[in-house]
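**Q** Pasting final-v3.txt here (compact mmCIF, C-alpha atoms):
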```txt
# COMPACT_ATOMS: atom_id res chain seq x y z
CA MET I 142 -18.80 10.18 5.45
CA SER I 143 -15.34 11.23 6.56
CA SER I 144 -12.28 12.39 4.67
CA THR I 145 -9.88 9.78 3.41
CA LEU I 146 -6.22 8.82 3.39
CA ALA I 147 -5.32 11.17 6.20
CA THR I 148 -1.77 12.32 6.74
CA PRO I 149 -0.29 11.64 10.20
CA PRO I 150 -1.50 14.59 12.28
CA PRO I 151 1.19 16.10 14.52
CA HIS I 152 -1.00 15.58 17.58
CA LEU I 153 -1.49 11.85 16.86
CA PRO I 154 1.62 10.00 18.05
CA ASN I 155 -0.03 6.61 17.59
CA TRP I 156 -0.49 6.98 13.83
CA GLN I 157 0.58 3.37 13.22
CA ALA I 158 -2.02 2.15 15.69
CA SER I 159 -4.73 4.14 13.90
CA VAL I 160 -3.68 2.69 10.55
CA ALA I 161 -3.64 -0.81 12.03
CA ARG I 162 -7.19 -0.38 13.37
CA ALA I 163 -8.47 0.97 10.04
CA PHE I 164 -7.01 -1.93 8.06
CA SER I 165 -8.15 -4.48 10.64
CA ARG I 166 -11.71 -3.20 10.29
CA ALA I 167 -11.41 -3.45 6.50
CA ALA I 168 -10.14 -7.05 6.43
CA PRO I 169 -13.48 -8.84 5.77
CA GLN I 170 -14.32 -6.78 2.66
CA TYR I 171 -10.78 -5.98 1.50
CA ASP I 172 -10.45 -8.64 -1.20
CA ALA I 173 -13.80 -7.74 -2.76
CA LEU I 174 -12.85 -4.07 -3.12
CA ALA I 175 -9.10 -4.15 -3.81
CA SER I 176 -9.23 -4.39 -7.61
CA ALA I 177 -7.02 -1.32 -8.10
CA GLN I 178 -4.47 -2.60 -5.59
CA ARG I 179 -4.33 -5.96 -7.34
CA GLU I 180 -3.91 -4.44 -10.78
CA ILE I 181 -1.04 -2.30 -9.54
CA GLY I 182 0.56 -5.30 -7.84
CA LYS I 183 0.82 -7.13 -11.15
CA ALA I 184 3.62 -4.73 -12.08
CA LEU I 185 5.88 -6.58 -9.65
CA TRP I 186 5.23 -10.08 -10.85
CA LEU I 187 7.20 -10.25 -14.10
CA ALA I 188 10.33 -8.75 -12.54
CA LEU I 189 10.64 -11.23 -9.67
CA PRO I 190 13.68 -13.54 -9.61
CA THR I 191 13.43 -17.17 -10.68
CA HIS I 192 14.46 -18.58 -7.30
CA ALA I 193 14.13 -17.52 -3.68
CA LYS I 194 14.57 -19.29 -0.34
CA HIS I 195 13.28 -16.84 2.26
CA VAL I 196 10.57 -14.44 1.10
CA LEU I 197 8.90 -11.57 2.94
CA ASP I 198 5.62 -10.02 1.80
CA LEU I 199 5.84 -6.61 3.48
CA GLY I 200 2.38 -5.21 4.17
CA CYS I 201 0.75 -8.50 3.22
CA GLY I 202 -2.83 -7.52 4.10
CA THR I 203 -5.15 -10.48 3.61
CA GLY I 204 -2.39 -12.58 2.06
CA TYR I 205 -3.55 -12.33 -1.55
CA TRP I 206 -0.02 -11.90 -2.90
CA THR I 207 1.62 -13.91 -0.12
CA GLN I 208 -0.09 -17.14 -1.11
CA ARG I 209 0.73 -16.48 -4.77
CA LEU I 210 4.36 -16.03 -3.81
CA ALA I 211 4.16 -19.31 -1.91
CA ALA I 212 2.91 -21.02 -5.09
CA ARG I 213 5.60 -19.35 -7.20
CA TYR I 214 8.35 -20.39 -4.77
CA PRO I 215 7.10 -23.74 -3.46
CA HIS I 216 10.38 -24.59 -1.70
CA ALA I 217 10.81 -21.22 -0.03
CA HIS I 218 9.84 -20.14 3.47
CA LEU I 219 7.17 -17.40 3.17
CA THR I 220 6.50 -14.73 5.77
CA GLY I 221 3.64 -12.26 5.55
CA LEU I 222 4.06 -9.14 7.70
CA ASP I 223 1.42 -6.54 8.38
CA ILE I 224 0.80 -3.88 11.01
CA ALA I 225 -2.91 -4.80 11.26
CA PRO I 226 -3.75 -7.86 13.38
CA GLY I 227 -7.17 -8.11 11.76
CA MET I 228 -5.59 -8.49 8.33
CA LEU I 229 -3.25 -11.20 9.61
CA ALA I 230 -6.08 -13.11 11.27
CA HIS I 231 -8.02 -13.00 8.01
CA ALA I 232 -4.97 -14.17 6.04
CA GLN I 233 -4.30 -17.03 8.44
CA ALA I 234 -7.94 -18.15 8.26
CA LEU I 235 -7.77 -18.15 4.46
CA TYR I 236 -4.35 -19.69 3.88
CA GLY I 237 -3.38 -21.48 7.08
CA ASP I 238 -0.05 -21.85 8.78
CA VAL I 239 2.08 -22.97 5.87
CA ILE I 240 2.92 -19.27 5.66
CA THR I 241 4.31 -17.50 8.73
CA TRP I 242 2.11 -14.52 9.65
CA GLN I 243 3.89 -11.82 11.63
CA GLN I 244 2.62 -8.54 13.02
CA GLY I 245 5.11 -5.71 12.74
CA ASP I 246 6.07 -2.26 11.52
CA ALA I 247 8.02 -1.81 8.27
CA ALA I 248 10.16 0.83 9.96
CA ALA I 249 11.16 -1.55 12.78
CA LEU I 250 11.09 -5.06 11.35
CA PRO I 251 11.01 -7.88 13.93
CA PHE I 252 13.62 -9.99 12.12
CA GLU I 253 17.32 -10.67 12.47
CA ASN I 254 19.85 -9.29 10.02
CA SER I 255 20.16 -10.87 6.56
CA ARG I 256 16.99 -12.93 6.96
CA PHE I 257 15.40 -12.67 3.48
CA ASP I 258 16.74 -13.01 -0.04
CA LEU I 259 13.51 -11.57 -1.51
CA ILE I 260 11.17 -8.88 -0.19
CA VAL I 261 7.99 -7.96 -2.03
CA SER I 262 5.76 -5.05 -1.02
CA ASN I 263 2.67 -3.83 -2.86
CA LEU I 264 1.21 -0.44 -1.87
CA ALA I 265 2.26 -0.54 1.76
CA ILE I 266 5.19 1.76 2.46
CA GLN I 267 3.25 4.93 1.61
CA TRP I 268 1.58 4.40 4.99
CA CYS I 269 4.94 4.70 6.75
CA SER I 270 5.80 8.17 8.01
CA ASP I 271 9.58 7.58 7.78
CA VAL I 272 10.56 6.12 4.40
CA SER I 273 14.25 6.37 5.31
CA ALA I 274 13.73 4.07 8.29
CA VAL I 275 11.90 1.61 6.05
CA MET I 276 14.77 1.50 3.55
CA GLN I 277 17.30 1.08 6.34
CA GLU I 278 15.31 -1.88 7.63
CA LEU I 279 15.06 -3.45 4.17
CA ALA I 280 18.82 -3.17 3.81
CA ARG I 281 19.32 -4.75 7.22
CA VAL I 282 17.10 -7.81 6.74
CA LEU I 283 18.06 -8.55 3.13
CA THR I 284 20.80 -11.07 2.49
CA PRO I 285 23.80 -9.89 0.45
CA GLY I 286 22.67 -10.26 -3.14
CA GLY I 287 19.03 -10.11 -2.07
CA GLU I 288 16.33 -8.12 -3.87
CA ALA I 289 13.35 -5.97 -2.89
CA HIS I 290 10.50 -5.32 -5.33
CA ILE I 291 8.17 -2.53 -4.22
CA THR I 292 5.21 -0.56 -5.42
CA THR I 293 4.25 2.60 -3.58
CA LEU I 294 2.29 5.78 -4.30
CA LEU I 295 3.44 9.29 -5.15
CA PRO I 296 1.82 12.73 -4.86
CA GLY I 297 -1.08 13.06 -7.28
CA THR I 298 -2.73 9.87 -6.09
CA LEU I 299 -6.49 10.36 -5.55
CA LYS I 300 -6.26 13.88 -6.95
CA GLU I 301 -9.89 13.68 -8.09
CA VAL I 302 -10.99 12.94 -4.52
CA ALA I 303 -9.00 15.96 -3.31
CA THR I 304 -10.70 18.12 -5.97
CA ALA I 305 -14.17 16.89 -5.06
CA TRP I 306 -13.62 17.23 -1.32
CA GLN I 307 -11.68 20.51 -1.58
CA ARG I 308 -9.64 19.20 1.32
CA PRO I 309 -6.29 18.16 -0.13
CA GLU I 310 -4.78 18.24 3.35
CA ALA I 311 -6.94 15.22 4.20
CA LEU I 312 -5.09 13.03 1.71
CA LEU I 313 -2.11 10.93 2.62
CA GLN I 314 0.99 13.12 2.29
CA MET I 315 3.30 10.91 0.24
CA PRO I 316 7.00 11.54 -0.37
CA ASP I 317 7.93 12.30 -3.95
CA ALA I 318 10.10 10.02 -6.07
CA SER I 319 13.34 11.87 -5.36
CA THR I 320 12.77 11.59 -1.60
CA VAL I 321 12.27 7.84 -1.91
CA GLU I 322 15.35 7.51 -4.14
CA ASP I 323 17.43 9.50 -1.63
CA ALA I 324 16.27 7.15 1.13
CA VAL I 325 17.33 4.17 -0.96
CA ALA I 326 20.78 5.68 -1.55
CA LEU I 327 21.28 6.44 2.14
CA SER I 328 20.35 2.86 3.07
CA GLY I 329 23.14 1.42 0.95
CA LEU I 330 20.75 -0.43 -1.33
CA THR I 331 21.15 -0.14 -5.09
CA LEU I 332 18.24 1.13 -7.16
CA ALA I 333 18.45 -1.30 -10.07
CA ARG I 334 15.33 -0.02 -11.78
CA SER I 335 12.40 2.29 -11.14
CA THR I 336 9.32 3.32 -13.09
CA THR I 337 6.55 5.82 -12.50
CA GLU I 338 3.10 5.47 -13.99
CA GLN I 339 -0.25 7.20 -13.72
CA ARG I 340 -3.04 4.63 -13.48
CA GLN I 341 -6.74 5.45 -13.61
CA PHE I 342 -9.59 3.32 -12.37
CA TYR I 343 -13.26 4.08 -12.94
CA TYR I 344 -16.33 3.85 -10.71
CA PRO I 345 -20.04 4.38 -11.42
CA ASP I 346 -20.65 6.96 -8.67
CA LEU I 347 -19.17 8.68 -5.64
CA SER I 348 -20.44 6.00 -3.29
CA ALA I 349 -18.50 3.37 -5.23
CA VAL I 350 -15.37 5.55 -5.16
CA MET I 351 -15.56 5.96 -1.40
CA ALA I 352 -16.40 2.29 -0.84
CA SER I 353 -13.29 1.30 -2.78
CA ILE I 354 -11.15 3.53 -0.57
CA LYS I 355 -12.79 2.90 2.77
CA GLY I 356 -13.23 -0.79 1.98
CA VAL I 357 -9.51 -1.36 1.68
CA GLY I 358 -8.75 0.37 4.97
CA ALA I 359 -7.46 3.59 3.44
CA GLN I 360 -9.55 5.80 5.64
CA VAL I 361 -8.38 7.03 9.02
CA THR I 362 -10.76 9.16 11.03
CA ARG I 363 -9.55 12.65 11.83
CA PRO I 364 -11.08 15.22 14.16
CA ASN I 365 -13.68 17.36 12.37
CA ALA I 366 -13.51 15.08 9.32
CA GLN I 367 -17.26 14.54 9.01
CA LEU I 368 -18.99 16.16 6.05
CA THR I 369 -22.46 17.65 6.27
CA ARG I 370 -25.10 16.58 3.75
CA ARG I 371 -24.66 19.91 1.98
CA GLU I 372 -20.88 19.45 1.75
CA LEU I 373 -21.34 15.88 0.53
CA ALA I 374 -23.75 17.01 -2.20
CA ALA I 375 -21.28 19.72 -3.27
CA ALA I 376 -18.45 17.16 -3.37
CA GLN I 377 -20.57 14.85 -5.48
CA ALA I 378 -21.36 17.68 -7.91
CA ARG I 379 -17.68 18.58 -8.24
CA PHE I 380 -16.74 14.96 -8.86
CA GLU I 381 -19.42 14.68 -11.55
CA THR I 382 -17.66 17.39 -13.55
CA LEU I 383 -14.75 14.96 -13.88
CA ARG I 384 -16.86 12.08 -15.20
CA GLU I 385 -15.57 10.28 -18.28
CA PRO I 386 -17.39 7.75 -20.49
CA GLN I 387 -15.97 4.91 -18.38
CA GLY I 388 -17.17 6.46 -15.12
CA LEU I 389 -15.73 8.62 -12.34
CA PRO I 390 -11.91 8.52 -12.56
CA VAL I 391 -9.61 7.86 -9.62
CA SER I 392 -5.89 8.29 -10.24
CA TYR I 393 -3.06 6.35 -8.66
CA HIS I 394 0.45 7.71 -9.23
CA CYS I 395 2.45 4.51 -8.94
CA PHE I 396 6.16 4.14 -8.22
CA THR I 397 7.72 0.72 -8.81
CA LEU I 398 11.21 -0.02 -7.49
CA HIS I 399 13.64 -2.91 -7.92
CA LEU I 400 16.28 -2.71 -5.19
CA GLU I 401 19.36 -4.86 -4.70
CA LYS I 402 21.74 -5.38 -1.80
CA THR I 403 25.36 -5.57 -2.89
CA PRO I 404 26.87 -9.04 -2.24
```
Translate this structure into structure tokens?
**A**
Amino acid sequence: MSSTLATPPPHLPNWQASVARAFSRAAPQYDALASAQREIGKALWLALPTHAKHVLDLGCGTGYWTQRLAARYPHAHLTGLDIAPGMLAHAQALYGDVITWQQGDAAALPFENSRFDLIVSNLAIQWCSDVSAVMQELARVLTPGGEAHITTLLPGTLKEVATAWQRPEALLQMPDASTVEDAVALSGLTLARSTTEQRQFYYPDLSAVMASIKGVGAQVTRPNAQLTRRELAAAQARFETLREPQGLPVSYHCFTLHLEKTP
């Protein structure tokens, strides 16, 4: 078993390609194991506008939220964008071509200026190494008066895994809330609302914890990342000290943003 949610190593220039491969491999089992991701995504739903004409699901994965957005906005044109071709192929097989499926990078969106009046993104931009570039791109492709509704993750996410593994450097190095807010301000977008929340999800054992992480693609192999049986047993023992009546806890430090582009 290897360490999880790796930060972009300085010697790995093709970080995006590694992420794309990991999520492509995860596509077949993603929906069965993404319960935490879906629960967090619900935070976006109530705040969405009543009407939209051109909608982008940024980091659409298997299209779970994309097809729900298509049902919510039946007269809109829906685009699902993801960096992982395997995810897009899975989404297209599930939901067909009524939705446009587009491979691309959130930091270099393959769209013309002012293309979308609504952008929705659930737990995707934490995988981007340059959050400022992402915000600049959102500002570019949003129409004047358009909105972006985003959930992302902050430091403290998977802290129990870091404790058990005793390898915090293996976890995804996420920008803090102030860094994200500064990136929003520099992009010219307006931060209409933001909330932070600690969410905990519970699993019966360490294998279930790691399956939930690896199964949704959030595991990128790093050199020397393999654990010996002895190290794995020690990690399991450390995690057991954190057990609660509901099971082994896994924390997600969630950051929800409602952004607007000035008309």
**Q** Record the distance separating CA of Ala211 in chain I and CA of Asp223 in chain I, expressed in Å with one decimal.
**A**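 Computing the Euclidean distance for CA of Ala211 in chain I and CA of Asp223 in chain I yields 16.6 Å.
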**Q** Which residues are close to Tyr393 in chain I, i.e. within 12 Å by all atoms listed in the file, leaving aside same-chain residues fewer than 3 positions away? Reply as a PDB file with C-alpha atoms, keeping the file's coordinate frame.
**A**
```pdb
ATOM      1  CA  ALA I 177      -7.020  -1.320  -8.100  1.00  0.00           C
ATOM      2  CA  GLN I 178      -4.470  -2.600  -5.590  1.00  0.00           C
ATOM      3  CA  GLU I 180      -3.910  -4.440 -10.780  1.00  0.00           C
ATOM      4  CA  ILE I 181      -1.040  -2.300  -9.540  1.00  0.00           C
ATOM      5  CA  LEU I 264       1.210  -0.440  -1.870  1.00  0.00           C
ATOM      6  CA  THR I 292       5.210  -0.560  -5.420  1.00  0.00           C
ATOM      7  CA  THR I 293       4.250   2.600  -3.580  1.00  0.00           C
ATOM      8  CA  LEU I 294       2.290   5.780  -4.300  1.00  0.00           C
ATOM      9  CA  LEU I 295       3.440   9.290  -5.150  1.00  0.00           C
ATOM     10  CA  PRO I 296       1.820  12.730  -4.860  1.00  0.00           C
ATOM     11  CA  GLY I 297      -1.080  13.060  -7.280  1.00  0.00           C
ATOM     12  CA  THR I 298      -2.730   9.870  -6.090  1.00  0.00           C
ATOM     13  CA  LEU I 299      -6.490  10.360  -5.550  1.00  0.00           C
ATOM     14  CA  LYS I 300      -6.260  13.880  -6.950  1.00  0.00           C
ATOM     15  CA  GLU I 301      -9.890  13.680  -8.090  1.00  0.00           C
ATOM     16  CA  VAL I 302     -10.990  12.940  -4.520  1.00  0.00           C
ATOM     17  CA  MET I 315       3.300  10.910   0.240  1.00  0.00           C
ATOM     18  CA  THR I 337       6.550   5.820 -12.500  1.00  0.00           C
ATOM     19  CA  GLU I 338       3.100   5.470 -13.990  1.00  0.00           C
ATOM     20  CA  GLN I 339      -0.250   7.200 -13.720  1.00  0.00           C
ATOM     21  CA  ARG I 340      -3.040   4.630 -13.480  1.00  0.00           C
ATOM     22  CA  GLN I 341      -6.740   5.450 -13.610  1.00  0.00           C
ATOM     23  CA  PHE I 342      -9.590   3.320 -12.370  1.00  0.00           C
ATOM     24  CA  TYR I 343     -13.260   4.080 -12.940  1.00  0.00           C
ATOM     25  CA  ILE I 354     -11.150   3.530  -0.570  1.00  0.00           C
ATOM     26  CA  PRO I 390     -11.910   8.520 -12.560  1.00  0.00           C
ATOM     27  CA  PHE I 396       6.160   4.140  -8.220  1.00  0.00           C
TER      28      PHE I 396
END
```
**Q** Might you pull out every residue within 12 Å of Glu381 in chain I, with only C-alpha atoms counted and same-chain residues fewer than 2 positions away left off, and present them as a ChimeraX atom specification?
**A** /I:301-302,304-305,344-347,350,374-379,383-386,388-390
**Q** Taking only C-alpha atoms into account, name the residue in I:Lys183, I:Arg213, I:His231, I:His218 that is nearest to Cys201 in chain I.
**A**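 Closest to Cys201 in chain I of all the choices is I:His231.
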**Q** Which residue, I:Leu235, I:Leu259, I:Leu187, I:Leu398, has the smallest gap to Tyr214 in chain I when you use all atoms listed in the file?
**A** I:Leu259
